[in-house]
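Working notes, beginning with the structure itself.
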Amino acid sequence: MLRVLSHFGLCLACLIVLLPILWVLRTSLVPESLSYSTAILPEVTLHNYASLFADNRFGTNYLNSIIVAAGSVILALPLAAPTGYAFARFRTSGRAGRFAVLATQMLPPVALALPTFMLYRSLGLTNSLFGLTLVYTAINLPFLTWILMGFFEAVPRDLEGAAMTDGATAFGAFVRVVLPVAAPGIAAAAVLGFIISWNEFLFALILGGPRTATVPVALAALQTSNGVEISKVSAGVSLAILPLMLASRFIQKYLVQGLSFGSVK
């Protein structure tokens, strides 16, 4: 009986989570005149997707999001890994340094938006994918450092000691032993960093422009004076969650290993 109740609870939880996503997908596949209909799938059309790409340059927005999200993770990881390792192994800067890393995540983004805009305007980095990538790198760096710190603490010190006994330097032990052991955690951190950058809206709106608009900004622009173009928004949201689902699917094994990394020694 308990097993049946647990399965029922899991199915109910899945339904609650998936129902909004399925309804968005349903709205994206029906004509706009039937968007607010209660019928489950009265008519199927791909016109909303075609119109989104033809009339709103959504393809460019999509590519912009991929570039800045992937670029920020690629730039942040090589900096976050040694920083997290230094905090984990050598207690660099002590507890104050660790708290300083975490404290940067406590600042509301709106408090940094205006100074960042003024700085970027003086440097000519507004409306630039490179500038937006740098901002996302700065956002991801403390987050990835804090996550990787926990993963590196879970790596047994004996592994590094054995490598150094065999003649490896401290840096060699870090590259050849610690990083491969912590690879699932690094992959999980990379995915989480990509998701943060992919969903970010405020800095993309303030620092970007029509040429560099990302997916969240493009979707917000579909709210016109005549109302929200709900069919196009649904189509855009359906496409926006696609990379995240694919990334989670392909690296699911590493993601689960990474999130549970360190729980058992």
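Scheme for the structure tokens: letters A, B, ... for chains in order shown; per-chain residue numbers from 1; ligand numbers from 1 in order shown.
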Task: Exercise: region 58-66 of chain A partners within 7 Å, only C-alpha atoms, chain neighbours under 4 positions left out, as a list of chain:residue names - done: A:Leu52, A:Phe53, A:Ala70, A:Trp198, A:Thr212, A:Ala213, A:Thr214, A:Val215, A:Ala218
Preceding selection exported with N, CA, C and O atoms as a PDB file, in the first residue's frame:
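And here is the file that came out, again-v8.pdb:
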```
ATOM      1  N   LEU A  52       7.858  33.007 -36.030  1.00  0.00           N
ATOM      2  CA  LEU A  52       8.839  33.482 -35.040  1.00  0.00           C
ATOM      3  C   LEU A  52      10.204  33.689 -35.683  1.00  0.00           C
ATOM      4  O   LEU A  52      10.882  34.695 -35.430  1.00  0.00           O
ATOM      5  N   PHE A  53      10.611  32.783 -36.545  1.00  0.00           N
ATOM      6  CA  PHE A  53      11.918  32.898 -37.190  1.00  0.00           C
ATOM      7  C   PHE A  53      11.881  33.898 -38.346  1.00  0.00           C
ATOM      8  O   PHE A  53      12.861  34.604 -38.593  1.00  0.00           O
ATOM      9  N   ALA A  70      27.612  29.554 -23.592  1.00  0.00           N
ATOM     10  CA  ALA A  70      28.732  28.612 -23.697  1.00  0.00           C
ATOM     11  C   ALA A  70      30.062  29.330 -23.493  1.00  0.00           C
ATOM     12  O   ALA A  70      30.970  28.809 -22.823  1.00  0.00           O
ATOM     13  N   TRP A 198      22.040  31.177 -19.661  1.00  0.00           N
ATOM     14  CA  TRP A 198      20.972  31.048 -20.660  1.00  0.00           C
ATOM     15  C   TRP A 198      19.707  31.776 -20.211  1.00  0.00           C
ATOM     16  O   TRP A 198      18.989  32.367 -21.020  1.00  0.00           O
ATOM     17  N   THR A 212      22.354  42.079 -30.571  1.00  0.00           N
ATOM     18  CA  THR A 212      22.891  41.093 -29.631  1.00  0.00           C
ATOM     19  C   THR A 212      21.834  40.569 -28.658  1.00  0.00           C
ATOM     20  O   THR A 212      22.187  39.977 -27.639  1.00  0.00           O
ATOM     21  N   ALA A 213      20.562  40.794 -28.959  1.00  0.00           N
ATOM     22  CA  ALA A 213      19.502  40.352 -28.045  1.00  0.00           C
ATOM     23  C   ALA A 213      19.516  38.838 -27.904  1.00  0.00           C
ATOM     24  O   ALA A 213      19.689  38.105 -28.871  1.00  0.00           O
ATOM     25  N   THR A 214      19.364  38.388 -26.664  1.00  0.00           N
ATOM     26  CA  THR A 214      19.330  36.942 -26.396  1.00  0.00           C
ATOM     27  C   THR A 214      17.880  36.462 -26.343  1.00  0.00           C
ATOM     28  O   THR A 214      16.940  37.258 -26.493  1.00  0.00           O
ATOM     29  N   VAL A 215      17.698  35.187 -26.114  1.00  0.00           N
ATOM     30  CA  VAL A 215      16.355  34.599 -26.140  1.00  0.00           C
ATOM     31  C   VAL A 215      15.412  35.242 -25.112  1.00  0.00           C
ATOM     32  O   VAL A 215      14.280  35.601 -25.460  1.00  0.00           O
ATOM     33  N   ALA A 218      14.387  38.594 -26.417  1.00  0.00           N
ATOM     34  CA  ALA A 218      13.530  38.456 -27.603  1.00  0.00           C
ATOM     35  C   ALA A 218      12.113  38.057 -27.216  1.00  0.00           C
ATOM     36  O   ALA A 218      11.139  38.559 -27.786  1.00  0.00           O
TER      37      ALA A 218
END
```
- [ ] Could you tell me how far CA of Ala221 (chain A) lies from CA of Gly209 (chain A), in Å and to one decimal?
- [x]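 We find that CA of Ala221 (chain A) and CA of Gly209 (chain A) lie 11.7 Å from each other.
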Open item on the list: Between A:Ile195, A:Ala100, A:Arg89, A:Glu200, which residue has the minimum interatomic distance to Glu160 (chain A), considering only C-alpha atoms?
Closed with: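 Result for the nearest residue to Glu160 (chain A): A:Arg89.
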- [ ] Determine, counting only C-alpha atoms, which protein, DNA and RNA residues have an atom within 8 Å of an atom of region 110-122 of chain A; residues of the same chain fewer than 3 positions away are not included. Present the result as a PyMOL selection string.
- [x] chain A and resi 107+125-126+131+202-203+206-207
Residues of region 16-96 of chain A within 10 Å of region 142-153 of chain A: nearest atom pair and distance (Å, one decimal) for each, counting only C-alpha atoms, sorted by chain and number, as CSV?
```
residue,atom,partner,partner_atom,distance
A:Val73,CA,A:Leu144,CA,9.0
A:Ala76,CA,A:Leu144,CA,7.6
A:Leu77,CA,A:Leu144,CA,7.1
A:Leu79,CA,A:Thr145,CA,8.2
A:Ala80,CA,A:Thr145,CA,4.5
A:Ala81,CA,A:Leu148,CA,6.4
A:Pro82,CA,A:Thr145,CA,8.5
A:Thr83,CA,A:Thr145,CA,6.3
A:Gly84,CA,A:Met149,CA,4.3
A:Tyr85,CA,A:Phe152,CA,5.9
A:Ala86,CA,A:Met149,CA,8.2
A:Phe87,CA,A:Met149,CA,6.5
A:Ala88,CA,A:Glu153,CA,5.3
A:Arg89,CA,A:Glu153,CA,7.0
```
Open item on the list: Please return, as a PyMOL selection string, all residues of region 48-208 of chain A that DSSP assigns to alpha helix (DSSP H) on the basis of the backbone.
Closed with: chain A and resi 48-56+58-90+94-103+109-123+129-153+157-165+170-173+179-181+183-199+202-207
- [ ] Kindly indicate which residue among A:Ala162, A:Leu205, A:Ala247, A:Ile230 lies nearest to Glu32 (chain A), using only C-alpha atoms for the distances.
- [x]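 Nearest to Glu32 (chain A): A:Ile230.
Reported to one decimal place, the separation of CA of Leu242 (chain A) from CA of Val228 (chain A) is 22.0 Å.
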When you look at Glu229 (chain A) with a cut-off of 12 Å (counting only C-alpha atoms), what residues show up, excluding the ones that are within fewer than 3 positions of it in the same chain? I need them as a JSON list (two decimals) with all heavy atoms, in the first residue's frame.
```json
[["chain", "number", "residue", "atom", "x", "y", "z"],
["A", 27, "THR", "N", 0.17, 25.11, -26.77],
["A", 27, "THR", "CA", -0.18, 26.44, -27.28],
["A", 27, "THR", "C", 0.67, 26.82, -28.48],
["A", 27, "THR", "O", 0.21, 27.52, -29.39],
["A", 27, "THR", "CB", -0.01, 27.48, -26.16],
["A", 27, "THR", "OG1", -0.78, 27.08, -25.02],
["A", 27, "THR", "CG2", -0.48, 28.85, -26.61],
["A", 28, "SER", "N", 1.91, 26.35, -28.49],
["A", 28, "SER", "CA", 2.79, 26.68, -29.62],
["A", 28, "SER", "C", 2.40, 25.95, -30.90],
["A", 28, "SER", "O", 2.82, 26.34, -31.99],
["A", 28, "SER", "CB", 4.24, 26.34, -29.26],
["A", 28, "SER", "OG", 4.43, 24.93, -29.22],
["A", 31, "PRO", "N", -3.25, 27.20, -33.81],
["A", 31, "PRO", "CA", -3.38, 28.56, -34.35],
["A", 31, "PRO", "C", -3.62, 29.57, -33.23],
["A", 31, "PRO", "O", -4.17, 29.24, -32.18],
["A", 31, "PRO", "CB", -4.59, 28.46, -35.28],
["A", 31, "PRO", "CG", -4.68, 27.01, -35.63],
["A", 31, "PRO", "CD", -4.20, 26.26, -34.43],
["A", 32, "GLU", "N", -3.22, 30.81, -33.47],
["A", 32, "GLU", "CA", -3.32, 31.84, -32.44],
["A", 32, "GLU", "C", -4.76, 32.05, -31.98],
["A", 32, "GLU", "O", -5.01, 32.35, -30.81],
["A", 32, "GLU", "CB", -2.74, 33.15, -32.95],
["A", 32, "GLU", "CG", -2.62, 34.21, -31.87],
["A", 32, "GLU", "CD", -1.84, 35.42, -32.34],
["A", 32, "GLU", "OE1", -1.46, 35.44, -33.52],
["A", 32, "GLU", "OE2", -1.61, 36.33, -31.53],
["A", 33, "SER", "N", -5.72, 31.88, -32.88],
["A", 33, "SER", "CA", -7.12, 32.07, -32.52],
["A", 33, "SER", "C", -7.59, 31.03, -31.50],
["A", 33, "SER", "O", -8.61, 31.23, -30.83],
["A", 33, "SER", "CB", -8.00, 32.01, -33.77],
["A", 33, "SER", "OG", -7.83, 30.76, -34.43],
["A", 35, "SER", "N", -5.49, 29.79, -29.08],
["A", 35, "SER", "CA", -4.49, 29.75, -28.01],
["A", 35, "SER", "C", -5.12, 29.62, -26.64],
["A", 35, "SER", "O", -4.59, 28.93, -25.76],
["A", 35, "SER", "CB", -3.60, 31.01, -28.06],
["A", 35, "SER", "OG", -2.88, 31.06, -29.26],
["A", 36, "TYR", "N", -6.25, 30.31, -26.44],
["A", 36, "TYR", "CA", -6.88, 30.30, -25.11],
["A", 36, "TYR", "C", -8.03, 29.31, -25.04],
["A", 36, "TYR", "O", -8.80, 29.34, -24.09],
["A", 36, "TYR", "CB", -7.37, 31.71, -24.76],
["A", 36, "TYR", "CG", -6.23, 32.69, -24.61],
["A", 36, "TYR", "CD1", -5.91, 33.58, -25.65],
["A", 36, "TYR", "CD2", -5.47, 32.73, -23.46],
["A", 36, "TYR", "CE1", -4.86, 34.48, -25.52],
["A", 36, "TYR", "CE2", -4.41, 33.62, -23.32],
["A", 36, "TYR", "CZ", -4.12, 34.49, -24.36],
["A", 36, "TYR", "OH", -3.08, 35.37, -24.24],
["A", 48, "ASN", "N", 3.36, 29.12, -36.01],
["A", 48, "ASN", "CA", 3.92, 29.97, -34.95],
["A", 48, "ASN", "C", 5.45, 29.92, -34.96],
["A", 48, "ASN", "O", 6.12, 30.94, -34.77],
["A", 48, "ASN", "CB", 3.39, 29.52, -33.59],
["A", 48, "ASN", "CG", 1.89, 29.64, -33.51],
["A", 48, "ASN", "OD1", 1.29, 30.59, -34.04],
["A", 48, "ASN", "ND2", 1.25, 28.67, -32.88],
["A", 51, "SER", "N", 6.68, 31.72, -38.17],
["A", 51, "SER", "CA", 6.52, 33.17, -38.05],
["A", 51, "SER", "C", 7.54, 33.76, -37.07],
["A", 51, "SER", "O", 8.05, 34.87, -37.28],
["A", 51, "SER", "CB", 5.10, 33.48, -37.56],
["A", 51, "SER", "OG", 4.93, 34.87, -37.37],
["A", 52, "LEU", "N", 7.86, 33.01, -36.03],
["A", 52, "LEU", "CA", 8.84, 33.48, -35.04],
["A", 52, "LEU", "C", 10.20, 33.69, -35.68],
["A", 52, "LEU", "O", 10.88, 34.69, -35.43],
["A", 52, "LEU", "CB", 8.94, 32.48, -33.91],
["A", 52, "LEU", "CG", 9.81, 32.85, -32.70],
["A", 52, "LEU", "CD1", 9.23, 34.05, -31.98],
["A", 52, "LEU", "CD2", 9.94, 31.67, -31.75],
["A", 56, "ASN", "N", 10.71, 37.72, -36.54],
["A", 56, "ASN", "CA", 11.33, 38.24, -35.32],
["A", 56, "ASN", "C", 12.82, 37.92, -35.19],
["A", 56, "ASN", "O", 13.39, 38.09, -34.12],
["A", 56, "ASN", "CB", 10.60, 37.69, -34.09],
["A", 56, "ASN", "CG", 9.15, 38.08, -34.06],
["A", 56, "ASN", "OD1", 8.28, 37.38, -34.57],
["A", 56, "ASN", "ND2", 8.85, 39.25, -33.51],
["A", 218, "ALA", "N", 14.39, 38.59, -26.42],
["A", 218, "ALA", "CA", 13.53, 38.46, -27.60],
["A", 218, "ALA", "C", 12.11, 38.06, -27.22],
["A", 218, "ALA", "O", 11.14, 38.56, -27.79],
["A", 218, "ALA", "CB", 14.13, 37.43, -28.56],
["A", 219, "LEU", "N", 11.99, 37.18, -26.24],
["A", 219, "LEU", "CA", 10.65, 36.76, -25.80],
["A", 219, "LEU", "C", 9.92, 37.92, -25.11],
["A", 219, "LEU", "O", 8.70, 38.09, -25.28],
["A", 219, "LEU", "CB", 10.75, 35.57, -24.85],
["A", 219, "LEU", "CG", 11.27, 34.27, -25.48],
["A", 219, "LEU", "CD1", 11.35, 33.17, -24.42],
["A", 219, "LEU", "CD2", 10.35, 33.82, -26.61],
["A", 220, "ALA", "N", 10.66, 38.72, -24.33],
["A", 220, "ALA", "CA", 10.03, 39.87, -23.68],
["A", 220, "ALA", "C", 9.55, 40.89, -24.71],
["A", 220, "ALA", "O", 8.54, 41.58, -24.48],
["A", 220, "ALA", "CB", 11.01, 40.52, -22.71],
["A", 221, "ALA", "N", 10.24, 40.98, -25.84],
["A", 221, "ALA", "CA", 9.85, 41.93, -26.88],
["A", 221, "ALA", "C", 8.57, 41.53, -27.59],
["A", 221, "ALA", "O", 8.00, 42.32, -28.34],
["A", 221, "ALA", "CB", 10.98, 42.07, -27.91],
["A", 222, "LEU", "N", 8.10, 40.32, -27.36],
["A", 222, "LEU", "CA", 6.85, 39.88, -27.99],
["A", 222, "LEU", "C", 5.62, 40.42, -27.26],
["A", 222, "LEU", "O", 4.50, 40.13, -27.67],
["A", 222, "LEU", "CB", 6.79, 38.35, -28.02],
["A", 222, "LEU", "CG", 7.83, 37.68, -28.93],
["A", 222, "LEU", "CD1", 7.76, 36.17, -28.81],
["A", 222, "LEU", "CD2", 7.61, 38.10, -30.38],
["A", 223, "GLN", "N", 5.84, 41.19, -26.20],
["A", 223, "GLN", "CA", 4.72, 41.89, -25.55],
["A", 223, "GLN", "C", 4.57, 43.24, -26.23],
["A", 223, "GLN", "O", 5.34, 44.17, -25.99],
["A", 223, "GLN", "CB", 4.99, 42.06, -24.06],
["A", 223, "GLN", "CG", 3.82, 42.71, -23.34],
["A", 223, "GLN", "CD", 4.03, 42.75, -21.83],
["A", 223, "GLN", "OE1", 5.09, 42.36, -21.35],
["A", 223, "GLN", "NE2", 3.03, 43.18, -21.09],
["A", 224, "THR", "N", 3.59, 43.36, -27.10],
["A", 224, "THR", "CA", 3.41, 44.55, -27.92],
["A", 224, "THR", "C", 2.26, 45.39, -27.38],
["A", 224, "THR", "O", 1.59, 45.03, -26.40],
["A", 224, "THR", "CB", 3.12, 44.15, -29.37],
["A", 224, "THR", "OG1", 1.85, 43.49, -29.42],
["A", 224, "THR", "CG2", 4.20, 43.22, -29.90],
["A", 225, "SER", "N", 2.00, 46.53, -28.05],
["A", 225, "SER", "CA", 0.87, 47.39, -27.65],
["A", 225, "SER", "C", -0.47, 46.72, -27.88],
["A", 225, "SER", "O", -1.49, 47.11, -27.30],
["A", 225, "SER", "CB", 0.94, 48.71, -28.43],
["A", 225, "SER", "OG", 0.91, 48.44, -29.83],
["A", 226, "ASN", "N", -0.48, 45.70, -28.73],
["A", 226, "ASN", "CA", -1.72, 44.96, -28.98],
["A", 226, "ASN", "C", -1.86, 43.74, -28.07],
["A", 226, "ASN", "O", -2.78, 42.94, -28.24],
["A", 226, "ASN", "CB", -1.75, 44.50, -30.45],
["A", 226, "ASN", "CG", -1.81, 45.66, -31.41],
["A", 226, "ASN", "OD1", -2.44, 46.68, -31.12],
["A", 226, "ASN", "ND2", -1.12, 45.54, -32.54],
["A", 232, "LYS", "N", 3.52, 32.96, -30.33],
["A", 232, "LYS", "CA", 4.95, 33.07, -30.60],
["A", 232, "LYS", "C", 5.76, 32.90, -29.32],
["A", 232, "LYS", "O", 6.84, 32.29, -29.32],
["A", 232, "LYS", "CB", 5.28, 34.43, -31.23],
["A", 232, "LYS", "CG", 4.82, 34.57, -32.68],
["A", 232, "LYS", "CD", 5.29, 35.90, -33.23],
["A", 232, "LYS", "CE", 4.86, 36.07, -34.69],
["A", 232, "LYS", "NZ", 5.30, 37.38, -35.22],
["A", 233, "VAL", "N", 5.25, 33.45, -28.21],
["A", 233, "VAL", "CA", 5.94, 33.28, -26.94],
["A", 233, "VAL", "C", 6.04, 31.81, -26.57],
["A", 233, "VAL", "O", 7.08, 31.31, -26.14],
["A", 233, "VAL", "CB", 5.22, 34.07, -25.82],
["A", 233, "VAL", "CG1", 5.80, 33.70, -24.46],
["A", 233, "VAL", "CG2", 5.33, 35.56, -26.06],
["A", 234, "SER", "N", 4.95, 31.08, -26.77],
["A", 234, "SER", "CA", 4.95, 29.64, -26.46],
["A", 234, "SER", "C", 5.94, 28.90, -27.35],
["A", 234, "SER", "O", 6.66, 28.00, -26.88],
["A", 234, "SER", "CB", 3.54, 29.07, -26.65],
["A", 234, "SER", "OG", 2.63, 29.70, -25.78],
["A", 235, "ALA", "N", 5.97, 29.27, -28.63],
["A", 235, "ALA", "CA", 6.92, 28.63, -29.54],
["A", 235, "ALA", "C", 8.36, 28.93, -29.10],
["A", 235, "ALA", "O", 9.23, 28.05, -29.10],
["A", 235, "ALA", "CB", 6.69, 29.10, -30.97],
["A", 236, "GLY", "N", 8.61, 30.19, -28.73],
["A", 236, "GLY", "CA", 9.95, 30.57, -28.29],
["A", 236, "GLY", "C", 10.37, 29.88, -26.99],
["A", 236, "GLY", "O", 11.51, 29.44, -26.85]]
```
Open item on the list: Between CA of Thr137 (chain A) and CA of Ser72 (chain A), what distance in Å does the model show, to one decimal?
Closed with: 4.4 Å
Task: Who sits within 7 Å of Leu25 (chain A), only C-alpha atoms, same chain under 4 positions skipped, as a list in words - done: Ile21, Leu29, Ser234 and Ser238 of chain A
